[in-house]
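Note: the block below is final30.cif and it holds mmCIF, C-alpha atoms.
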data_target
loop_
_atom_site.label_atom_id
_atom_site.label_comp_id
_atom_site.auth_asym_id
_atom_site.auth_seq_id
_atom_site.Cartn_x
_atom_site.Cartn_y
_atom_site.Cartn_z
CA MET A 1 21.30 -24.34 -29.10
CA PRO A 2 21.29 -22.60 -32.54
CA ALA A 3 24.53 -21.05 -33.72
CA GLY A 4 22.96 -17.60 -33.80
CA LEU A 5 22.53 -17.67 -30.00
CA HIS A 6 26.11 -18.73 -29.22
CA GLY A 7 27.50 -16.69 -26.30
CA TRP A 8 24.13 -15.28 -25.24
CA ARG A 9 22.97 -15.16 -21.65
CA ILE A 10 20.78 -18.15 -20.98
CA ASP A 11 17.76 -16.07 -19.94
CA ARG A 12 18.00 -14.00 -23.12
CA ALA A 13 18.42 -17.12 -25.25
CA LEU A 14 15.39 -18.77 -23.67
CA ALA A 15 13.30 -15.65 -24.29
CA GLN A 16 14.31 -15.85 -27.95
CA LEU A 17 13.51 -19.57 -28.20
CA VAL A 18 10.14 -19.43 -26.41
CA PRO A 19 8.87 -15.89 -27.10
CA GLU A 20 5.41 -16.69 -25.74
CA PHE A 21 6.92 -16.34 -22.24
CA SER A 22 8.41 -13.13 -20.86
CA ARG A 23 12.07 -12.90 -19.96
CA SER A 24 11.18 -12.04 -16.35
CA TYR A 25 9.06 -15.20 -16.10
CA LEU A 26 11.90 -17.32 -17.52
CA GLN A 27 14.30 -15.73 -15.04
CA GLN A 28 11.95 -16.83 -12.30
CA VAL A 29 11.88 -20.38 -13.69
CA LEU A 30 15.69 -20.33 -13.68
CA ALA A 31 15.84 -19.09 -10.09
CA GLU A 32 13.47 -21.86 -8.98
CA GLY A 33 15.59 -24.60 -10.57
CA GLY A 34 13.31 -25.26 -13.53
CA VAL A 35 16.08 -25.20 -16.16
CA ARG A 36 18.61 -27.99 -16.84
CA TRP A 37 21.64 -26.97 -18.90
CA ARG A 38 24.50 -29.29 -19.85
CA GLY A 39 22.91 -31.99 -17.72
CA GLN A 40 22.65 -29.94 -14.51
CA ALA A 41 20.21 -27.53 -12.93
CA CYS A 42 21.05 -23.93 -13.83
CA THR A 43 19.87 -21.07 -11.64
CA LYS A 44 22.20 -18.34 -12.96
CA ALA A 45 20.45 -16.16 -15.56
CA SER A 46 23.77 -14.72 -16.76
CA ALA A 47 25.27 -18.10 -17.73
CA LYS A 48 26.54 -18.00 -21.35
CA VAL A 49 25.27 -20.72 -23.70
CA ALA A 50 27.16 -22.30 -26.58
CA VAL A 51 26.09 -23.71 -29.92
CA GLY A 52 24.81 -27.27 -29.53
CA ASP A 53 23.95 -26.93 -25.81
CA ALA A 54 20.93 -28.96 -24.75
CA ILE A 55 18.52 -27.08 -22.49
CA GLU A 56 15.48 -28.58 -20.76
CA VAL A 57 12.87 -26.22 -19.31
CA THR A 58 10.14 -27.25 -16.87
CA LEU A 59 7.43 -24.62 -17.00
CA ARG A 60 5.45 -23.90 -13.86
CA PRO A 61 2.88 -21.33 -12.73
CA ALA A 62 4.48 -18.01 -11.84
CA ALA A 63 4.06 -16.62 -8.35
CA GLN A 64 1.89 -13.87 -9.84
CA ALA A 65 -0.42 -16.47 -11.39
CA ARG A 66 -0.80 -18.22 -8.04
CA ALA A 67 -1.48 -14.98 -6.18
CA PHE A 68 -5.11 -14.31 -7.10
CA VAL A 69 -6.68 -17.16 -5.15
CA ALA A 70 -9.27 -17.13 -2.39
CA GLN A 71 -7.85 -17.45 1.11
CA PRO A 72 -10.36 -17.23 3.98
CA MET A 73 -9.37 -14.77 6.68
CA ALA A 74 -11.05 -12.87 9.47
CA LEU A 75 -12.03 -9.40 8.26
CA ALA A 76 -13.05 -6.63 10.67
CA VAL A 77 -16.12 -5.43 8.77
CA CYS A 78 -17.53 -2.07 9.91
CA PHE A 79 -20.23 -1.87 7.24
CA GLU A 80 -21.44 -4.12 4.45
CA ASP A 81 -24.26 -4.28 1.92
CA GLU A 82 -24.52 -5.64 -1.62
CA HIS A 83 -22.44 -2.78 -3.05
CA LEU A 84 -19.96 -1.64 -0.41
CA MET A 85 -17.74 -2.79 2.44
CA VAL A 86 -15.86 -0.72 4.98
CA ILE A 87 -13.19 -2.70 6.79
CA ASP A 88 -10.79 -1.92 9.63
CA LYS A 89 -7.44 -3.18 8.32
CA PRO A 90 -4.93 -4.33 10.94
CA ALA A 91 -1.32 -3.22 10.77
CA GLY A 92 0.81 -5.86 9.08
CA LEU A 93 -1.77 -6.90 6.49
CA VAL A 94 -0.64 -6.32 2.88
CA VAL A 95 -3.49 -4.99 0.73
CA HIS A 96 -2.55 -6.29 -2.73
CA PRO A 97 -0.23 -9.12 -3.90
CA ALA A 98 3.24 -7.96 -4.92
CA ALA A 99 6.81 -9.21 -4.89
CA GLY A 100 7.49 -10.84 -1.54
CA HIS A 101 3.77 -10.97 -0.66
CA TRP A 102 2.03 -13.20 -3.18
CA SER A 103 -0.45 -14.64 -0.66
CA GLY A 104 -2.17 -13.78 2.61
CA THR A 105 -3.17 -10.32 1.37
CA LEU A 106 -6.44 -8.47 1.80
CA LEU A 107 -7.21 -9.21 -1.85
CA ASN A 108 -6.96 -12.93 -1.14
CA GLY A 109 -9.34 -12.52 1.79
CA LEU A 110 -11.85 -10.58 -0.29
CA LEU A 111 -11.88 -13.30 -2.95
CA ALA A 112 -12.91 -15.73 -0.23
CA HIS A 113 -15.41 -13.34 1.35
CA HIS A 114 -17.84 -12.99 -1.57
CA GLU A 115 -18.10 -14.45 -5.07
CA ALA A 116 -18.46 -11.13 -6.90
CA ALA A 117 -14.93 -10.12 -5.84
CA ALA A 118 -13.53 -12.38 -8.57
CA THR A 119 -15.35 -10.32 -11.23
CA LEU A 120 -13.98 -6.95 -10.06
CA PRO A 121 -10.61 -5.34 -10.78
CA ARG A 122 -8.37 -5.80 -7.72
CA ALA A 123 -11.31 -7.60 -6.03
CA GLY A 124 -12.99 -4.21 -5.50
CA ILE A 125 -10.09 -2.44 -3.79
CA VAL A 126 -10.36 1.27 -4.68
CA HIS A 127 -7.59 2.70 -2.48
CA ARG A 128 -4.80 1.27 -0.40
CA LEU A 129 -3.14 1.55 2.98
CA ASP A 130 0.52 0.70 3.52
CA LYS A 131 1.20 -2.67 5.11
CA ASP A 132 2.02 -1.12 8.50
CA THR A 133 -0.80 1.45 8.50
CA SER A 134 -3.96 0.40 10.32
CA GLY A 135 -7.50 1.61 9.84
CA LEU A 136 -10.49 2.14 7.60
CA MET A 137 -10.64 1.13 3.95
CA LEU A 138 -13.39 1.24 1.32
CA VAL A 139 -13.98 -1.84 -0.82
CA ALA A 140 -16.52 -2.07 -3.65
CA LYS A 141 -18.65 -5.20 -4.04
CA SER A 142 -20.25 -4.37 -7.40
CA ARG A 143 -18.94 -2.78 -10.60
CA PRO A 144 -21.32 0.24 -10.45
CA ALA A 145 -20.18 0.91 -6.89
CA MET A 146 -16.52 0.54 -7.83
CA ASP A 147 -16.80 2.98 -10.73
CA ALA A 148 -18.65 5.49 -8.54
CA LEU A 149 -16.12 5.21 -5.69
CA VAL A 150 -13.17 5.69 -8.05
CA ARG A 151 -14.83 8.84 -9.41
CA ALA A 152 -15.63 10.13 -5.91
CA ILE A 153 -12.06 9.64 -4.69
CA ALA A 154 -10.67 11.35 -7.78
CA ALA A 155 -13.08 14.25 -7.25
CA ARG A 156 -12.00 14.50 -3.59
CA GLU A 157 -15.51 13.74 -2.38
CA VAL A 158 -14.38 11.08 0.12
CA ASN A 159 -13.24 12.51 3.46
CA ARG A 160 -10.23 10.51 4.70
CA GLN A 161 -8.63 11.46 8.00
CA TYR A 162 -5.74 9.88 9.87
CA LEU A 163 -4.08 9.96 13.28
CA ALA A 164 -0.29 10.19 13.14
CA LEU A 165 2.27 9.86 15.94
CA ALA A 166 5.30 11.94 14.92
CA HIS A 167 8.69 12.48 16.51
CA GLY A 168 9.57 15.83 18.06
CA ALA A 169 7.92 19.02 19.23
CA TRP A 170 5.44 20.78 16.94
CA ARG A 171 6.62 24.06 15.50
CA GLY A 172 4.41 26.77 14.04
CA PRO A 173 0.62 27.12 14.05
CA ASP A 174 -1.51 24.24 15.30
CA SER A 175 -3.19 23.93 11.89
CA ARG A 176 -1.45 24.11 8.54
CA THR A 177 -1.75 22.81 4.98
CA LEU A 178 1.14 21.26 3.10
CA GLU A 179 1.09 21.30 -0.69
CA GLY A 180 3.61 20.32 -3.33
CA PHE A 181 4.49 17.50 -5.68
CA ILE A 182 5.32 13.97 -4.60
CA GLY A 183 7.24 11.54 -6.79
CA ARG A 184 9.85 8.80 -6.57
CA ASP A 185 12.95 9.87 -4.63
CA PRO A 186 15.69 10.19 -7.27
CA HIS A 187 18.30 9.05 -4.72
CA ASN A 188 16.39 6.13 -3.16
CA ARG A 189 13.85 4.16 -5.21
CA LEU A 190 12.28 2.75 -2.05
CA ARG A 191 11.13 6.21 -0.96
CA MET A 192 8.89 8.97 -2.21
CA ALA A 193 9.90 12.62 -1.91
CA LEU A 194 8.86 16.20 -2.51
CA VAL A 195 9.96 16.90 -6.08
CA GLY A 196 9.51 19.45 -8.83
CA GLU A 197 6.24 19.85 -10.70
CA GLY A 198 7.34 17.84 -13.71
CA ALA A 199 8.65 14.94 -11.61
CA GLY A 200 5.65 14.25 -9.41
CA LYS A 201 1.93 14.60 -8.80
CA PRO A 202 0.23 17.31 -6.72
CA ALA A 203 -0.33 16.44 -3.08
CA ARG A 204 -2.21 18.30 -0.34
CA THR A 205 -2.54 17.39 3.34
CA ASP A 206 -4.23 19.38 6.13
CA LEU A 207 -2.46 18.92 9.48
CA HIS A 208 -3.78 19.76 12.95
CA ARG A 209 -1.86 19.33 16.19
CA LEU A 210 -3.98 17.45 18.75
CA ASP A 211 -1.40 17.15 21.54
CA GLY A 212 2.35 17.21 21.91
CA ASN A 213 5.43 17.57 24.05
CA ALA A 214 9.17 17.84 23.46
CA GLN A 215 9.44 14.22 22.34
CA ALA A 216 6.39 13.62 20.16
CA THR A 217 3.25 15.08 18.61
CA LEU A 218 -0.16 13.57 17.87
CA VAL A 219 -1.35 14.96 14.54
CA ALA A 220 -4.69 14.72 12.75
CA CYS A 221 -4.18 14.54 8.98
CA LYS A 222 -6.80 15.09 6.30
CA LEU A 223 -5.97 13.87 2.80
CA HIS A 224 -7.10 15.88 -0.20
CA THR A 225 -5.05 13.66 -2.54
CA GLY A 226 -3.92 10.06 -2.20
CA ARG A 227 -0.27 9.93 -3.24
CA THR A 228 1.93 7.03 -2.19
CA HIS A 229 3.32 7.65 1.32
CA GLN A 230 1.79 11.15 1.30
CA ILE A 231 1.45 11.71 5.06
CA ARG A 232 4.79 10.04 5.73
CA VAL A 233 6.54 12.32 3.22
CA HIS A 234 4.83 15.50 4.40
CA LEU A 235 5.58 14.95 8.09
CA ALA A 236 9.16 13.97 7.34
CA SER A 237 9.51 17.22 5.35
CA LEU A 238 8.75 19.09 8.57
CA GLY A 239 11.51 17.20 10.38
CA GLN A 240 8.91 15.15 12.24
CA PRO A 241 8.85 11.64 10.73
CA LEU A 242 6.38 9.09 12.01
CA VAL A 243 7.44 7.05 15.03
CA GLY A 244 8.57 3.66 13.75
CA ASP A 245 8.92 4.78 10.12
CA ALA A 246 12.55 3.89 9.40
CA VAL A 247 12.15 4.60 5.66
CA TYR A 248 11.64 8.31 6.36
CA GLY A 249 13.88 8.77 9.38
CA GLY A 250 11.64 7.58 12.20
CA ARG A 251 12.58 5.06 14.87
CA PRO A 252 10.73 2.71 17.21
CA ALA A 253 9.58 4.29 20.47
CA TRP A 254 7.28 3.48 23.40
CA GLY A 255 6.90 -0.11 22.20
CA LEU A 256 5.71 0.89 18.71
CA GLU A 257 7.77 -0.93 16.08
CA ARG A 258 5.60 -0.12 13.04
CA GLN A 259 4.85 3.34 11.65
CA GLY A 260 2.50 5.35 13.87
CA LEU A 261 -0.29 5.95 11.36
CA HIS A 262 -3.97 5.01 11.60
CA ALA A 263 -6.79 5.71 9.12
CA ALA A 264 -9.38 6.79 11.67
CA PHE A 265 -12.23 8.39 9.73
CA LEU A 266 -14.12 7.95 6.47
CA GLY A 267 -16.96 10.18 5.31
CA LEU A 268 -18.73 9.70 1.98
CA GLN A 269 -22.01 9.33 0.17
CA HIS A 270 -23.03 5.76 -0.53
CA PRO A 271 -22.00 5.14 -4.17
CA ILE A 272 -25.43 3.74 -5.12
CA THR A 273 -28.04 5.06 -2.67
CA GLY A 274 -26.44 8.46 -2.01
CA ALA A 275 -26.94 8.06 1.76
CA GLY A 276 -24.41 9.87 3.95
CA LEU A 277 -21.98 7.50 5.65
CA ARG A 278 -19.49 8.32 8.41
CA PHE A 279 -17.15 5.87 10.13
CA TRP A 280 -14.68 6.31 12.96
CA ARG A 281 -12.37 3.70 14.46
CA ASP A 282 -10.08 4.32 17.41
CA PRO A 283 -6.42 3.42 16.91
CA PRO A 284 -5.43 -0.16 17.80
CA ALA A 285 -3.90 -1.15 21.11
CA ASP A 286 -0.24 -0.76 20.09
CA LEU A 287 -0.71 2.83 18.98
CA ARG A 288 -2.90 3.74 21.99
CA GLU A 289 -0.26 2.34 24.36
CA ALA A 290 2.48 4.31 22.58
CA LEU A 291 0.46 7.49 23.08
CA VAL A 292 0.15 6.75 26.79
CA GLN A 293 3.85 5.94 27.14
CA GLY A 294 4.74 9.07 25.17
CA GLY A 295 2.68 11.26 27.50
CA LEU A 296 0.13 12.28 24.86
CA ARG A 297 -3.61 12.62 25.36
CA TYR A 298 -6.01 11.01 22.93
CA ASN A 299 -9.63 12.11 23.11
CA PRO A 300 -11.96 10.28 20.70
CA PRO A 301 -14.25 12.68 18.83
CA PRO A 302 -18.01 12.72 19.43
CA ALA A 303 -19.93 9.97 17.65
CA GLY A 304 -20.45 10.72 13.96
CA SER A 305 -17.71 13.33 13.68
CA GLY A 306 -14.15 13.37 12.38
CA PRO A 307 -10.94 14.59 14.00
CA ILE A 308 -10.58 17.79 11.96
CA ALA A 309 -13.24 20.50 11.87
#
Could I get this file's structure written as structure tokens?
Amino acid sequence: MPAGLHGWRIDRALAQLVPEFSRSYLQQVLAEGGVRWRGQACTKASAKVAVGDAIEVTLRPAAQARAFVAQPMALAVCFEDEHLMVIDKPAGLVVHPAAGHWSGTLLNGLLAHHEAAATLPRAGIVHRLDKDTSGLMLVAKSRPAMDALVRAIAAREVNRQYLALAHGAWRGPDSRTLEGFIGRDPHNRLRMALVGEGAGKPARTDLHRLDGNAQATLVACKLHTGRTHQIRVHLASLGQPLVGDAVYGGRPAWGLERQGLHAAFLGLQHPITGAGLRFWRDPPADLREALVQGGLRYNPPPAGSGPIA
């Protein structure tokens, strides 16, 4: 170890010695036992090195580098052609690799589903659903389709509607629109929150009460924007968090352990042909059973329509 690095943290010293690798990557190598220091494996990034120390580093692929691999999985495909897929995502499936979920994601499944996915950013994923949200998602299969879908979503030309099971009795008019700014919660980095204009992005959700009682309400939600956790934040702001959504004050009920949110409807023009497309999927069995146990009525809309007029 050079004299100039005496007393440095080992992760910082390694980043100085091998600048072609990031400090975060070297910290990961340390955590996985890939560094020998003073003759022993070192996993503590804060260890202080001394002049003359011998350090041996065994480089290995990072978890991120191993994430973007094809992994065959069963996909519930509602529509597919050479440019576009519409899938019904089950609750529990992570959409995109991230810390703690570097494999088994929808992206991995798409890479195995068709060869062109490897040539597209994010394998063609143009919008996301939370891990525990079920329902319909758009996926591009060609670059022209992906560019067109991204533009359409940004221009609010894609009609996305959800079914939400919320705690508590509904107060106020059956239909209302919530608008404001959503950004990272300054008190809890795991949450989003309603914030001031300079601290967040504009968010708008149309809400319509479908049925309810003193314990719970079934709400149809139409997104005009696609902010992270938007519906969850807006319903929690009314004092009616989603059943099962512990992050925003909800709790499990009627056998439903995950958040009671389902992406039920998609309406759009085909990104290449311009044909009108409309898709509806009923909520999965766990959410339907929770509605029954909670004493709420669910009436599927007529074929080809969405839940909000």
As lines of an AutoDock Vina configuration file, please report the centre and edge lengths, rounded to one decimal in Å, of the axis-aligned box that holds all listed atoms of region 129-141 of chain A with 8 Å of padding on each of the six sides.
center_x = -8.3
center_y = -1.5
center_z = 3.1
size_x = 36.7
size_y = 23.3
size_z = 30.4
Next item on the list: For the structure shown, which residues end up in the PyMOL selection byres ((chain A and resi 288-293) around 8)? Put them as number ranges by chain, please?
Entry: A: 165, 253-256, 283-287, 294-298
Note to self: Env of region 226-234 of chain A: 10 Å cut, atoms = only C-alpha atoms, seq-sep filter 5 positions within chain, self excluded. Answer as an NGL selection string.
What the structure shows: :A and (127-130 or 153-154 or 156 or 160 or 162 or 164 or 166 or 177-184 or 191-194 or 200-207 or 221 or 239-242 or 245 or 247-250 or 259-261)
Determine, for each residue of region 262-298 of chain A having at least one atom at most 9 Å from an atom of region 78-97 of chain A, the closest pair of atoms and their separation in Å to one decimal, counting all atoms listed in the file; order by chain and ascending number, as a Markdown table.
| residue | atom | partner | partner_atom | distance |
| --- | --- | --- | --- | --- |
| A:His262 | CA | A:Ala91 | CA | 8.7 |
| A:Ala263 | CA | A:Asp88 | CA | 8.6 |
| A:Leu266 | CA | A:Val86 | CA | 9.0 |
| A:His270 | CA | A:Leu84 | CA | 8.0 |
| A:Pro271 | CA | A:His83 | CA | 8.0 |
| A:Ile272 | CA | A:His83 | CA | 7.5 |
| A:Phe279 | CA | A:Cys78 | CA | 8.0 |
| A:Arg281 | CA | A:Asp88 | CA | 7.6 |
| A:Pro284 | CA | A:Pro90 | CA | 8.0 |
Checklist line | Within 12 Å of Leu110 (chain A) using all atoms listed in the file, minus same-chain residues under 2 positions, as a ChimeraX atom specification | finding: /A:68-77,85-87,95-96,104-108,112-125,139-141
Note to self: So that I can check the surroundings of Ile10 (chain A), please list as a ChimeraX atom specification every protein, DNA and RNA residue that reaches within 7 Å of it, counting all atoms listed in the file and ignoring chain neighbours fewer than 2 positions away.
What the structure shows: /A:8,12-14,45-49
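Between CA of Gly244 (chain A) and CA of Thr133 (chain A) lies a distance of 11.0 Å.
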Next item on the list: Using the chain letters and residue numbers of this document, give as an MDAnalysis selection string the residues selected by the PyMOL selection byres ((chain A and resi 26) around 10).
Entry: chainID A and resid 10:12 14:15 18 21:25 27:32 34:35 45 57 59:60 62
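Counting from CA of Gly267 (chain A), the distance to CA of Thr225 (chain A) is 14.7 Å.
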Checklist line | Close residues, Arg38 (chain A) itself excluded, 8 Å, only C-alpha atoms, min 5 positions apart in chain, as an MDAnalysis selection string | finding: chainID A and resid 53:55
Would you mind exporting C-alpha atoms of the selected residues as a PDB file, in the coordinates of the input?
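Result file follows (result-v9.pdb):
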ATOM      1  CA  ASP A  53      23.950 -26.930 -25.810  1.00  0.00           C
ATOM      2  CA  ALA A  54      20.930 -28.960 -24.750  1.00  0.00           C
ATOM      3  CA  ILE A  55      18.520 -27.080 -22.490  1.00  0.00           C
TER       4      ILE A  55
END
Checklist line | Shell of 12 Å around Ala155 (chain A), only C-alpha atoms, local chain residues under 5 positions omitted, as JSON, numbers by chain | finding: {"A": [148, 149, 150, 224, 225, 226, 268]}
Note to self: What's the separation between CA of Ala216 (chain A) and CA of Glu257 (chain A), in Å to one decimal place?
What the structure shows: 15.2 Å
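The nearest approach to Gly212 (chain A) among the residues A:Glu56, A:Asp147, A:Asp174, A:Glu157, with all atoms listed in the file taken into account, belongs to A:Asp174.
Compared by their closest atoms to Leu218 (chain A), and using all atoms listed in the file, the residues A:Pro144, A:Gly196, A:Gly7, A:Gly168 rank with A:Gly168 nearest.
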Next item on the list: Choose the residue, out of A:His6, A:Arg151, A:Lys131, A:His208, that has the smallest atom-to-atom separation from Gln269 (chain A); count all atoms listed in the file.
Entry: A:Arg151
